[in-house]
Structures are given as C-alpha cells and as structure tokens.
Amino acid sequence: MATTKSAPAGRGGIDWAGLGWMFLFFWYFSGVTQALIWASGIAGSTGSRQALLASVLWLIPPLLFPGRTRLLAGAIGALLWLCSLAGFAYFLVYGQEFSQSVIFIMFESNVNEASEYLGHYFSWSIVLVVVAYGLGGWLLWRKVRPVYLPRRAALLASLLLFTTSVGYQGVRQLLKHEEFQVALDDFEKRIEAASPWQLVIGYRHYLQQLANMEALLASSERIPPLKNLADVHAGQPVTLVLVIGESTNRQRLSLYGYPRPTTPNLDRLRDELQVFDNVVTPRPYTIEALQQVLTFADQEHPDLYLTTPSLVSVMKQAGYKTYWITNQQTITKRNTMLTTFSEQADEQFYLNNNRDQNARQYDGGVLEPFSRVLADDAPRKFVVVHLLGTHMRYQYRYPQEFERFTDRTGVPDSVTDDQLPTYNSYDNAVLYNDHVVSSLIERFRATDPNGFLLYLADHGEAVFDAPDPEVLGRNEGAPTSPMYTVPFILWNSPKWRAQQPRDFATALHRPYSSSHFIHTWADLAGLRFDGFEPDKSLVSADFKRRPLLIGNPQQPKNLIDFSLIKPKKPADPSSEFAQREREGKERPL
Ligand SMILES: [Zn+2]
C-alpha cells in the first residue's frame with residue numbers, strides 16, 4: 001500500500017461515511033428539487049435518477065486531490081447551488097419542473113418582463129425557503145471531509161465514477177447515432193435534470209434556436225412564393241388591420257358576458273362587430289402561440305413555419321405594403337422569433353424601447369403610429385398592431401383614470417381578500433384594453449376604409465377564475481380553460497361589407513383553434529392559393545370542426561383536446577360558480 005504524508009482517517013479501509021457526506025453534498029443541489037418534483041407527482045423518477053447519477057461526477061476532483069477537498073467541494077457546490085436556484089425557485093412558484101422551454105421563454109422576454117415576473121410572484125416565504133435551501137447546502141459542506149485513497153485506487157475509482165455518471169451514456173449515444181449532433185442531443189437529455197446542466201444545456205439550445213431564427217429570416221427570403229395566388233380585391237385600395245392582444249381571457253370581457261362592465265366601448269360598438277365566442281389558442285405562451293397564428297404551422301405540423309410563408313409574407317405577395325406596430329417587449333430590435341416576423345414587414349414601429357421606465361408601458365402609444373400608417377398613401381396596406389394587452393403586472397398596463405374596479409362588486413366569492421387587488425387590476429387592464437382596441441376601430445373607421453380590422457389575443461390568462469379559482473398566470477403543464485379562451489372580434493367597414501357581403505351568423509359559435517388562423521385571414525381577405533384550406537377557415541361555408549389541440553406539439557402524444565381540460569380540484573360547493581353550475585347557468589369550459 002502506498003504511503004501518504006497526512007494520515008487518512010480510516011487507514012486501511014475506505015472512509016465510506018466521508019464519501020457518503022461528500023456525495024450527499026453534491027447531490028443536494030440537483031436532488032432536492034428533483035425529489036420534490038417526484039414526491040409531488042409532477043413527474044416520474046427519471047429526473048431523480050439523473051440527479052443521482054450526474055452528481056456522482058463531482059466526487060472525482062476531491063478523490064484525486066484529497067488535500068484540497070474542502071476548497072474543491074466549496075467551489076463546485078457554490079456553482080451547483082447558483083445554477084440550481086432557477087429550477088428550485090421555479091418549482092416553488094409554479095409547482096412545475098424547470099425545462100428548456102422555460103429558459104427559452106425567459107430569454108424571449110426582455111428585462112422589463114422578467115423583472116415584472118419577479119415582482120408578480122415575489123413573496124417573503126419564497127425568499128425564506130430559498131435562504132433555507134442555501135443554508136442546507138452550507139451545513140452539508142461543513143460535513144464534507146477529505147477521503148484519502150491510495151493513488152491507484154483513487155484513479156480507478158474516478159474512472160469508475162466517470163463511467164457511471166456520464167461516460168457510459170456518452171459512449172452509448174455516440175455508438176448509437178451516426179451524427180455527432182444527434183448523439184450529443186440524446187446525451188444531453190440524460191443529464192439535463194441535474195445542476196448545472198439544466199442551465200448550460202438550456203442556454204446552448206437557446207443560442208441554437210436564436211441562430212436558427214437568424215437563418216430563418218435570411219431564408220424566409222428564399223421560401224418559394226405561394227402558387228396560383230388570386231385576390232378577389234386585386235387592384236383595389238384596401239386596408240386590413242390585425243390587432244394582436246396579449247394575455248386576455250375573453251371570460252373577463254363584458255362583451256362576452258362577464259358581469260362587470262370591463263368593455264363598455266366594445267359593448268357600445270357591438271352592432272358593428274362580429275363576436276366569435278368559441279376560439280381558443282393552441283398554446284398559452286406568446287411566441288409559441290403566434291408561431292402558429294401567424295404561419296401555416298399548427299399543432300400537428302409545428303415546424304411548417306420554417307418552410308412556408310408567414311402571414312406578413314402572404315400579404316406582401318398579395319401586393320400589400322406591410323406595417324408592424326408593436327408595444328411588446330423589444331428593448332432593441334432583438335433577434336428573436338417575434339422580431340423575425342416583424343422584420344419581414346416593410347415598416348416597423350418598436351414602441352417599447354424604454355428600458356428604465358419599464359414599470360409603466362401603455363398600449364395607448366400605438367394609436368399615434370397607427371394613425372400615421374393609416375394616412376400613408378400606399379393604396380394597399382396590411383397593418384399588424386401588437387399590444388401588451390393585459391400582460392402581468394396588470395396594474396402597469398393602465399393609467400390611473402382606468403382604475404375603476406376597486407371593490408368586491410361583481411367579484412366571485414372564491415376570490416380572497418389577498419387576491420382581490422390582483423383580480424381587480426386585471427379587470428382594470430381589460431378596461432384599458434377595451435379603450436385601446438375600440439380606439440383603433442374608431443380611428444380606422446374615421447378614414448372610411450375599404451377593409452376590416454380583426455382583434456384576437458395570443459392566449460388567455462388565469463386570474464383566480466372559476467373553475468380553478470386558485471390559479472394565477474399560465475402553465476401549459478397544468479392547463480386551465482382561462483389560459484386558452486381568447487377574444488376574437490371582427491369589424492368590417494361599410495364599403496367592405498357592401499363589396500363582400502357575408503353572413504357570419506353560423507360561424508360565431510364554431511369551436512376553433514387560432515392555430516389555423518392564417519386560413520381564416522386569407523378567406524376574409526379574399527385570397528386564394530395552393531395550400532389554402534377553406535375547411536380550416538372559421539368563416540367558410542366549408543368549415544370543418546376539428547379537435548382543439550393544446551399542449552406542446554414537440555410531444556405529440558401529450559396533445560389533448562381543449563374540452564378535456566378538467567378542473568384541478570372540485571369546485572367549492574358553496575361557491576357562486578358551483579351554484580350557477582347547479583342551476584345550469586354555467587358549464588365548465
Ligand atoms: Zn402572450
């Protein structure tokens with residue numbers, strides 16, 4: 001046996017307890033969150049097994065350099081702890097597992113949105129738990145002690161640990177796949193539940209996606225044009241307006257029967273509007289939803305946006321000058337997916353540039369550029385207006401004078417006193433959104449246009465709504481109907497109506513997914529081309545009813561029909577909602 005200068009504690013044997021403490025320390029940063037996720041039944045044991053195996057890797061440095069065990073363990077532990085915070089906190093707030101798509105969505109949001117998110121979910125109890133979590137790591141670190149092995153045994157053990165942890169899977173995936181990239185992707189899937197890989201891999205995938213987007217913008221130029229494009233209105237001056245809302249659940253609009261008068265202006269315009277009351281979004285996130293709304297991609301063909309023209313491109317091909325006015329988070333012209341769409345337009349108005357005044361950003365800012373665009377002398381115009389709508393934090397979405405809902409009047413009994421300010425601020429945000437959308441319609445109408453304006457929201461939002469009155473926000477992993485039900489309204493100008501009379505009465509209640517929106521838009525605009533499917537148009541006589549698929553289309557097995565969303569727990573039998581339901585006035589959506 002080799003002699004060492006500093007005598008090991010358990011000379012002649014292995015200090016198993018020392019090894020155990022060391023392992024427990026490294027495991028802690030991946031294992032705690034994964035164990036919580038497993039225990040709460042959100043996901044199976046795969047993540048916990050991954051955490052176990054991946055944590056084994058960190059035993060190697062202290063075994064090879066036992067003299068520096070405390071320093072090495074401290075440095076590795078600090079890194080693991082830092083990288084694990086996002087996943088740990090995400091679980092605390094959302095009760096869900098952190099994933100690549102969360103990172104993706106985080107990076108898609110700008111600084112404004114991210115800090116608002118924090119404000120939205122901030123609570124001292126979360127801070128306490130996070131501090132306790134860090135304290136636990138520190139206490140374990142105090143238990144870490146050097147484990148001395150004879151040099152050759154240490155090397156052998158390291159090799160064994162490396163193989164167990166990552167080596168075996170790495171080699172296996174390399175042998176299994178011919179392409180290195182595919183092997184790497186598969187390998188990553190096997191370690192991504194553990195810190196720090198969750199962040200590292202997520203960020204790498206995000207960068208990949210970003211590069212894809214840049215390439216997409218370049219290659220969108222090369223997507224072959226539509227074949228056999230025909231336009232009923234060819235050669236006429238036409239202005240078509242698409243208003244995209246944000247995080248607006250139609251159930252909170254009085255236009256859709258909500259008891260509080262949250263949309264007085266649209267209610268007043270009701271006779272001029274076609275109000276479609278059965279449209280849902282495929283996905284409760286902006287980018288993921290609009291990726292389908294604004295392209296030929298849908299839940300069954302999620303990648304079609306890469307190879308087929310976007311709505312902006314379709315309209316350009318039909319001879320329209322295209323404009324993109326956005327009050328959405330664009331500190332700069334960010335190279336993101338949404339930017340890809342907006343950059344395809346002829347002119348852009350990025351209004352949300354103000355980094356410091358992030359707290360207050362009102363959609364009223366779109367009105368002035370909208371009027372300017374309407375005054376542009378291009379004969380054929382397609383205008384996209386992208387609102388911030390009723391995105392959290394709700395109280396930042398409206399000026400003081402729109403703070404009209406402040407008490408319990410019209411509020412369901414299920415809303416607690418703690419929840420009331422948030423509940424009210426959402427209704428106030430809807431009220432201001434009503435002002436913006438109706439103002440857009442009125443400004444448009446004032447130009448006596450030949451065309452139409454269509455408003456829909458990218459997705460809904462749960463703000464303590466029945467039948468899950470405890471849910472706030474959006475979560476594809478735990479869907480509730482308010483996250484999906486969106487307003488969808490159409491204003492046709494008198495000139496347009498005269499030219500293209502159409503009876504909408506049969507279409508207003510059709511169940512429809514906005515994932516097929518491009519076909520509805522083309523139909524309304526009087527466009528025909530190869531690939532246009534009238535049965536996917538909400539307003540076509542050939543409309544065909546389809547399942548309203550929701551969920552992540554990258555996991556097709558998990559797609560479900562919107563109507564299969566079940567309340568998370570049975571409604572409180574004494575609640576107003578439950579009473580109305582018993583009386584047959586309410587049916588769970
Ligand atoms: Zn959104």
# chains A, B, ... in the order shown; residues from 1 in each chain; ligands from 1

call {"tool": "residues_around", "arguments": {"residues": "range 84-90 of chain A", "least_positions_apart": "6", "cutoff": "6 Å", "atoms": "only C-alpha atoms", "output": "ChimeraX atom specification"}}
result
/A:33,98,195

call {"tool": "write_last_selection", "arguments": {"atoms": "N, CA and C atoms", "output": "PDB file, in the first residue's frame"}}
result
ATOM      1  N   THR A  33     -34.605  19.438  -5.530  1.00  0.00           N
ATOM      2  CA  THR A  33     -35.687  19.859  -6.431  1.00  0.00           C
ATOM      3  C   THR A  33     -36.316  18.654  -7.111  1.00  0.00           C
ATOM      4  N   PHE A  98     -38.641  22.923 -13.992  1.00  0.00           N
ATOM      5  CA  PHE A  98     -37.943  23.826 -14.888  1.00  0.00           C
ATOM      6  C   PHE A  98     -37.560  23.057 -16.152  1.00  0.00           C
ATOM      7  N   SER A 195     -28.236  19.987 -11.981  1.00  0.00           N
ATOM      8  CA  SER A 195     -27.460  21.215 -11.992  1.00  0.00           C
ATOM      9  C   SER A 195     -26.009  20.849 -12.283  1.00  0.00           C
TER      10      SER A 195
END

call {"tool": "closest_atom_pairs", "arguments": {"of": "chain A", "to": "ligand 1", "cutoff": "8 Å", "atoms": "only C-alpha atoms and all ligand atoms", "output": "CSV"}}
result
residue,atom,partner,partner_atom_place_in_ligand_line,distance
A:Gly245,CA,ligand 1,1 (Zn),7.8
A:Glu246,CA,ligand 1,1 (Zn),4.8
A:Ser247,CA,ligand 1,1 (Zn),5.2
A:Pro284,CA,ligand 1,1 (Zn),7.1
A:Tyr285,CA,ligand 1,1 (Zn),5.1
A:Thr286,CA,ligand 1,1 (Zn),3.4
A:Ile287,CA,ligand 1,1 (Zn),7.1
A:Ala289,CA,ligand 1,1 (Zn),7.8
A:His391,CA,ligand 1,1 (Zn),7.1
A:Ala457,CA,ligand 1,1 (Zn),7.8
A:Asp458,CA,ligand 1,1 (Zn),5.4
A:His459,CA,ligand 1,1 (Zn),5.9
A:Gly460,CA,ligand 1,1 (Zn),7.9

call {"tool": "closest_atom_pairs", "arguments": {"of": "range 258-369 of chain A", "to": "range 502-524 of chain A", "cutoff": "8 Å", "atoms": "only C-alpha atoms", "output": "CSV"}}
result
residue,atom,partner,partner_atom,distance
A:Gln274,CA,A:Phe504,CA,7.2
A:Val275,CA,A:Leu508,CA,6.4
A:Phe276,CA,A:Leu508,CA,4.4
A:Asp277,CA,A:His509,CA,5.5
A:Asn278,CA,A:Pro511,CA,4.9
A:Val279,CA,A:Tyr512,CA,4.7
A:Val280,CA,A:Ser513,CA,5.0
A:Thr281,CA,A:Ser514,CA,5.2
A:Pro282,CA,A:Ser515,CA,6.0
A:Ala289,CA,A:Ser515,CA,7.4
A:Gln292,CA,A:Ser515,CA,4.9
A:Val293,CA,A:Ser515,CA,4.9
A:Leu294,CA,A:Ile518,CA,6.3
A:Thr295,CA,A:Ile518,CA,6.2
A:Phe296,CA,A:Ile518,CA,6.5
A:Ala297,CA,A:Ser515,CA,7.2
A:Asp298,CA,A:Ser515,CA,5.1
A:Gln299,CA,A:Ser515,CA,7.1
A:Leu311,CA,A:Ile518,CA,6.6

call {"tool": "residues_around", "arguments": {"residues": "Phe464 in chain A", "least_positions_apart": "4", "cutoff": "9 Å", "atoms": "only C-alpha atoms", "output": "number ranges by chain"}}
result
A: 414-415, 419, 422-423, 468-473

call {"tool": "write_last_selection", "arguments": {"atoms": "all heavy atoms", "output": "PDB file, in the first residue's frame"}}
result
ATOM      1  N   SER A 414     -65.152  33.294  -4.417  1.00  0.00           N
ATOM      2  CA  SER A 414     -63.930  32.497  -4.249  1.00  0.00           C
ATOM      3  C   SER A 414     -62.680  33.373  -4.168  1.00  0.00           C
ATOM      4  O   SER A 414     -61.638  32.917  -3.699  1.00  0.00           O
ATOM      5  CB  SER A 414     -63.798  31.527  -5.415  1.00  0.00           C
ATOM      6  OG  SER A 414     -63.827  32.233  -6.643  1.00  0.00           O
ATOM      7  N   VAL A 415     -62.762  34.613  -4.647  1.00  0.00           N
ATOM      8  CA  VAL A 415     -61.588  35.490  -4.620  1.00  0.00           C
ATOM      9  C   VAL A 415     -61.353  35.973  -3.190  1.00  0.00           C
ATOM     10  O   VAL A 415     -62.236  36.576  -2.581  1.00  0.00           O
ATOM     11  CB  VAL A 415     -61.774  36.686  -5.577  1.00  0.00           C
ATOM     12  CG1 VAL A 415     -60.612  37.661  -5.463  1.00  0.00           C
ATOM     13  CG2 VAL A 415     -61.922  36.190  -7.009  1.00  0.00           C
ATOM     14  N   GLN A 419     -56.229  38.120  -2.836  1.00  0.00           N
ATOM     15  CA  GLN A 419     -56.232  38.044  -4.299  1.00  0.00           C
ATOM     16  C   GLN A 419     -56.948  39.228  -4.938  1.00  0.00           C
ATOM     17  O   GLN A 419     -56.753  39.515  -6.119  1.00  0.00           O
ATOM     18  CB  GLN A 419     -56.921  36.738  -4.750  1.00  0.00           C
ATOM     19  CG  GLN A 419     -56.183  35.482  -4.327  1.00  0.00           C
ATOM     20  CD  GLN A 419     -57.044  34.232  -4.482  1.00  0.00           C
ATOM     21  OE1 GLN A 419     -58.272  34.307  -4.597  1.00  0.00           O
ATOM     22  NE2 GLN A 419     -56.398  33.073  -4.474  1.00  0.00           N
ATOM     23  N   THR A 422     -55.153  41.980  -7.146  1.00  0.00           N
ATOM     24  CA  THR A 422     -54.707  41.448  -8.433  1.00  0.00           C
ATOM     25  C   THR A 422     -55.897  41.213  -9.361  1.00  0.00           C
ATOM     26  O   THR A 422     -55.862  41.558 -10.543  1.00  0.00           O
ATOM     27  CB  THR A 422     -53.942  40.125  -8.215  1.00  0.00           C
ATOM     28  OG1 THR A 422     -52.881  40.358  -7.292  1.00  0.00           O
ATOM     29  CG2 THR A 422     -53.372  39.600  -9.516  1.00  0.00           C
ATOM     30  N   TYR A 423     -56.952  40.640  -8.782  1.00  0.00           N
ATOM     31  CA  TYR A 423     -58.167  40.372  -9.563  1.00  0.00           C
ATOM     32  C   TYR A 423     -58.716  41.675 -10.148  1.00  0.00           C
ATOM     33  O   TYR A 423     -59.022  41.764 -11.330  1.00  0.00           O
ATOM     34  CB  TYR A 423     -59.213  39.703  -8.660  1.00  0.00           C
ATOM     35  CG  TYR A 423     -60.432  39.205  -9.403  1.00  0.00           C
ATOM     36  CD1 TYR A 423     -60.493  37.905  -9.894  1.00  0.00           C
ATOM     37  CD2 TYR A 423     -61.513  40.045  -9.627  1.00  0.00           C
ATOM     38  CE1 TYR A 423     -61.608  37.449 -10.580  1.00  0.00           C
ATOM     39  CE2 TYR A 423     -62.634  39.603 -10.319  1.00  0.00           C
ATOM     40  CZ  TYR A 423     -62.680  38.302 -10.787  1.00  0.00           C
ATOM     41  OH  TYR A 423     -63.777  37.857 -11.471  1.00  0.00           O
ATOM     42  N   ASP A 468     -61.024  27.031 -11.390  1.00  0.00           N
ATOM     43  CA  ASP A 468     -59.819  26.822 -10.575  1.00  0.00           C
ATOM     44  C   ASP A 468     -59.416  28.142  -9.953  1.00  0.00           C
ATOM     45  O   ASP A 468     -58.418  28.753 -10.347  1.00  0.00           O
ATOM     46  CB  ASP A 468     -58.682  26.275 -11.446  1.00  0.00           C
ATOM     47  CG  ASP A 468     -59.022  24.932 -12.045  1.00  0.00           C
ATOM     48  OD1 ASP A 468     -59.077  23.957 -11.294  1.00  0.00           O
ATOM     49  OD2 ASP A 468     -59.257  24.881 -13.263  1.00  0.00           O
ATOM     50  N   PRO A 469     -60.183  28.614  -8.975  1.00  0.00           N
ATOM     51  CA  PRO A 469     -60.022  29.994  -8.517  1.00  0.00           C
ATOM     52  C   PRO A 469     -58.695  30.263  -7.822  1.00  0.00           C
ATOM     53  O   PRO A 469     -58.421  31.407  -7.484  1.00  0.00           O
ATOM     54  CB  PRO A 469     -61.207  30.179  -7.557  1.00  0.00           C
ATOM     55  CG  PRO A 469     -61.598  28.816  -7.149  1.00  0.00           C
ATOM     56  CD  PRO A 469     -61.252  27.897  -8.266  1.00  0.00           C
ATOM     57  N   GLU A 470     -57.858  29.221  -7.654  1.00  0.00           N
ATOM     58  CA  GLU A 470     -56.581  29.498  -7.001  1.00  0.00           C
ATOM     59  C   GLU A 470     -55.476  29.767  -8.031  1.00  0.00           C
ATOM     60  O   GLU A 470     -54.377  30.172  -7.671  1.00  0.00           O
ATOM     61  CB  GLU A 470     -56.178  28.330  -6.086  1.00  0.00           C
ATOM     62  CG  GLU A 470     -55.749  27.032  -6.770  1.00  0.00           C
ATOM     63  CD  GLU A 470     -56.907  26.266  -7.421  1.00  0.00           C
ATOM     64  OE1 GLU A 470     -58.073  26.668  -7.195  1.00  0.00           O
ATOM     65  OE2 GLU A 470     -56.640  25.324  -8.170  1.00  0.00           O
ATOM     66  N   VAL A 471     -55.774  29.558  -9.325  1.00  0.00           N
ATOM     67  CA  VAL A 471     -54.715  29.634 -10.331  1.00  0.00           C
ATOM     68  C   VAL A 471     -54.516  31.061 -10.830  1.00  0.00           C
ATOM     69  O   VAL A 471     -55.461  31.759 -11.164  1.00  0.00           O
ATOM     70  CB  VAL A 471     -55.035  28.703 -11.529  1.00  0.00           C
ATOM     71  CG1 VAL A 471     -53.940  28.804 -12.583  1.00  0.00           C
ATOM     72  CG2 VAL A 471     -55.187  27.269 -11.062  1.00  0.00           C
ATOM     73  N   LEU A 472     -53.238  31.454 -10.882  1.00  0.00           N
ATOM     74  CA  LEU A 472     -52.848  32.754 -11.413  1.00  0.00           C
ATOM     75  C   LEU A 472     -51.784  32.542 -12.476  1.00  0.00           C
ATOM     76  O   LEU A 472     -50.806  31.841 -12.244  1.00  0.00           O
ATOM     77  CB  LEU A 472     -52.292  33.636 -10.296  1.00  0.00           C
ATOM     78  CG  LEU A 472     -51.707  34.994 -10.728  1.00  0.00           C
ATOM     79  CD1 LEU A 472     -52.781  35.896 -11.301  1.00  0.00           C
ATOM     80  CD2 LEU A 472     -51.018  35.680  -9.556  1.00  0.00           C
ATOM     81  N   GLY A 473     -51.979  33.122 -13.645  1.00  0.00           N
ATOM     82  CA  GLY A 473     -50.955  33.059 -14.680  1.00  0.00           C
ATOM     83  C   GLY A 473     -51.263  32.018 -15.730  1.00  0.00           C
ATOM     84  O   GLY A 473     -52.422  31.752 -16.047  1.00  0.00           O
TER      85      GLY A 473
END

call {"tool": "closest_residue", "arguments": {"among": "A:Gly257, A:Gly451, A:Gly136, A:Gly477", "to": "Ile565 in chain A", "atoms": "only C-alpha atoms"}}
result
A:Gly477

call {"tool": "atom_distance", "arguments": {"atom1": "CA of Trp27 in chain A", "atom2": "CA of Gly170 in chain A"}}
result
20.4 Å

call {"tool": "residues_around", "arguments": {"residues": "Ala54 in chain A", "least_positions_apart": "3", "cutoff": "8 Å", "atoms": "only C-alpha atoms", "output": "JSON, numbers by chain"}}
result
{"A": [50, 51, 57, 165, 166, 191, 194]}

call {"tool": "select_by_dssp", "arguments": {"residues": "range 294-340 of chain A", "states": "alpha helix (DSSP H)", "output": "list in words"}}
result
Leu311, Val312, Ser313, Val314, Met315, Lys316, Gln317, Met337, Leu338, Thr339 and Thr340 of chain A

call {"tool": "residues_around", "arguments": {"residues": "Ala35 in chain A", "least_positions_apart": "5", "cutoff": "9 Å", "atoms": "only C-alpha atoms", "output": "list in words"}}
result
Ser30, Ser40, Ser45, Gly47 and Ser48 of chain A

call {"tool": "closest_residue", "arguments": {"among": "A:Leu79, A:Arg68, A:Gly319, A:Glu533", "to": "Leu199 in chain A", "atoms": "only C-alpha atoms"}}
result
A:Leu79

call {"tool": "closest_residue", "arguments": {"among": "A:Gly44, A:Gly20, A:Pro449, A:Gly13", "to": "Ala193 in chain A", "atoms": "only C-alpha atoms"}}
result
A:Gly44

call {"tool": "residues_around", "arguments": {"residues": "range 425-435 of chain A", "least_positions_apart": "6", "cutoff": "9 Å", "atoms": "only C-alpha atoms", "output": "ChimeraX atom specification"}}
result
/A:245,248,252-253,260-266,362-364,387,389-399,402-406,463

call {"tool": "select_by_dssp", "arguments": {"residues": "range 43-268 of chain A", "states": "strand (DSSP E or B)", "output": "PyMOL selection string"}}
result
chain A and resi 230-231+238-245

call {"tool": "residues_around", "arguments": {"residues": "Phe452 in chain A", "least_positions_apart": "3", "cutoff": "7 Å", "atoms": "only C-alpha atoms", "output": "PDB file with all heavy atoms, in the first residue's frame"}}
result
ATOM      1  N   LEU A 240     -56.199  46.417 -44.377  1.00  0.00           N
ATOM      2  CA  LEU A 240     -56.574  45.334 -43.463  1.00  0.00           C
ATOM      3  C   LEU A 240     -55.730  45.450 -42.200  1.00  0.00           C
ATOM      4  O   LEU A 240     -54.517  45.643 -42.279  1.00  0.00           O
ATOM      5  CB  LEU A 240     -56.356  43.980 -44.124  1.00  0.00           C
ATOM      6  CG  LEU A 240     -57.076  43.784 -45.466  1.00  0.00           C
ATOM      7  CD1 LEU A 240     -56.786  42.398 -46.030  1.00  0.00           C
ATOM      8  CD2 LEU A 240     -58.580  43.995 -45.321  1.00  0.00           C
ATOM      9  N   VAL A 241     -56.384  45.332 -41.054  1.00  0.00           N
ATOM     10  CA  VAL A 241     -55.689  45.535 -39.781  1.00  0.00           C
ATOM     11  C   VAL A 241     -55.847  44.294 -38.910  1.00  0.00           C
ATOM     12  O   VAL A 241     -56.959  43.792 -38.719  1.00  0.00           O
ATOM     13  CB  VAL A 241     -56.256  46.761 -39.025  1.00  0.00           C
ATOM     14  CG1 VAL A 241     -55.464  46.990 -37.733  1.00  0.00           C
ATOM     15  CG2 VAL A 241     -56.235  47.999 -39.907  1.00  0.00           C
ATOM     16  N   TRP A 491     -64.318  43.690 -37.180  1.00  0.00           N
ATOM     17  CA  TRP A 491     -65.053  44.880 -37.608  1.00  0.00           C
ATOM     18  C   TRP A 491     -64.871  45.034 -39.111  1.00  0.00           C
ATOM     19  O   TRP A 491     -63.747  45.182 -39.600  1.00  0.00           O
ATOM     20  CB  TRP A 491     -64.549  46.128 -36.878  1.00  0.00           C
ATOM     21  CG  TRP A 491     -65.311  47.363 -37.268  1.00  0.00           C
ATOM     22  CD1 TRP A 491     -66.469  47.808 -36.724  1.00  0.00           C
ATOM     23  CD2 TRP A 491     -64.977  48.300 -38.313  1.00  0.00           C
ATOM     24  NE1 TRP A 491     -66.889  48.954 -37.356  1.00  0.00           N
ATOM     25  CE2 TRP A 491     -65.992  49.277 -38.332  1.00  0.00           C
ATOM     26  CE3 TRP A 491     -63.925  48.405 -39.233  1.00  0.00           C
ATOM     27  CZ2 TRP A 491     -65.990  50.348 -39.233  1.00  0.00           C
ATOM     28  CZ3 TRP A 491     -63.923  49.459 -40.128  1.00  0.00           C
ATOM     29  CH2 TRP A 491     -64.949  50.431 -40.132  1.00  0.00           C
ATOM     30  N   ASN A 492     -65.966  44.970 -39.857  1.00  0.00           N
ATOM     31  CA  ASN A 492     -65.910  45.155 -41.308  1.00  0.00           C
ATOM     32  C   ASN A 492     -66.378  46.562 -41.650  1.00  0.00           C
ATOM     33  O   ASN A 492     -67.411  47.014 -41.135  1.00  0.00           O
ATOM     34  CB  ASN A 492     -66.843  44.154 -42.000  1.00  0.00           C
ATOM     35  CG  ASN A 492     -66.293  42.748 -41.950  1.00  0.00           C
ATOM     36  OD1 ASN A 492     -65.236  42.460 -42.487  1.00  0.00           O
ATOM     37  ND2 ASN A 492     -67.020  41.857 -41.280  1.00  0.00           N
ATOM     38  N   SER A 493     -65.653  47.239 -42.521  1.00  0.00           N
ATOM     39  CA  SER A 493     -66.070  48.590 -42.907  1.00  0.00           C
ATOM     40  C   SER A 493     -67.314  48.500 -43.793  1.00  0.00           C
ATOM     41  O   SER A 493     -67.544  47.482 -44.452  1.00  0.00           O
ATOM     42  CB  SER A 493     -64.942  49.300 -43.647  1.00  0.00           C
ATOM     43  OG  SER A 493     -64.886  48.850 -44.994  1.00  0.00           O
TER      44      SER A 493
END

call {"tool": "atom_distance", "arguments": {"atom1": "CA of Gln554 in chain A", "atom2": "CA of Leu538 in chain A"}}
result
25.3 Å

call {"tool": "closest_residue", "arguments": {"among": "A:Ser481, A:Ala466, A:Leu338, A:Tyr258", "to": "Leu290 in chain A", "atoms": "only C-alpha atoms"}}
result
A:Leu338

call {"tool": "closest_residue", "arguments": {"among": "A:Leu92, A:Gln169, A:Thr409, A:Asp448", "to": "Ser123 in chain A", "atoms": "only C-alpha atoms"}}
result
A:Leu92

call {"tool": "closest_residue", "arguments": {"among": "A:Leu242, A:Val437, A:Cys83, A:Leu216", "to": "Asp303 in chain A", "atoms": "only C-alpha atoms"}}
result
A:Leu216

call {"tool": "atom_distance", "arguments": {"atom1": "CA of Trp141 in chain A", "atom2": "CA of Ile76 in chain A"}}
result
10.6 Å
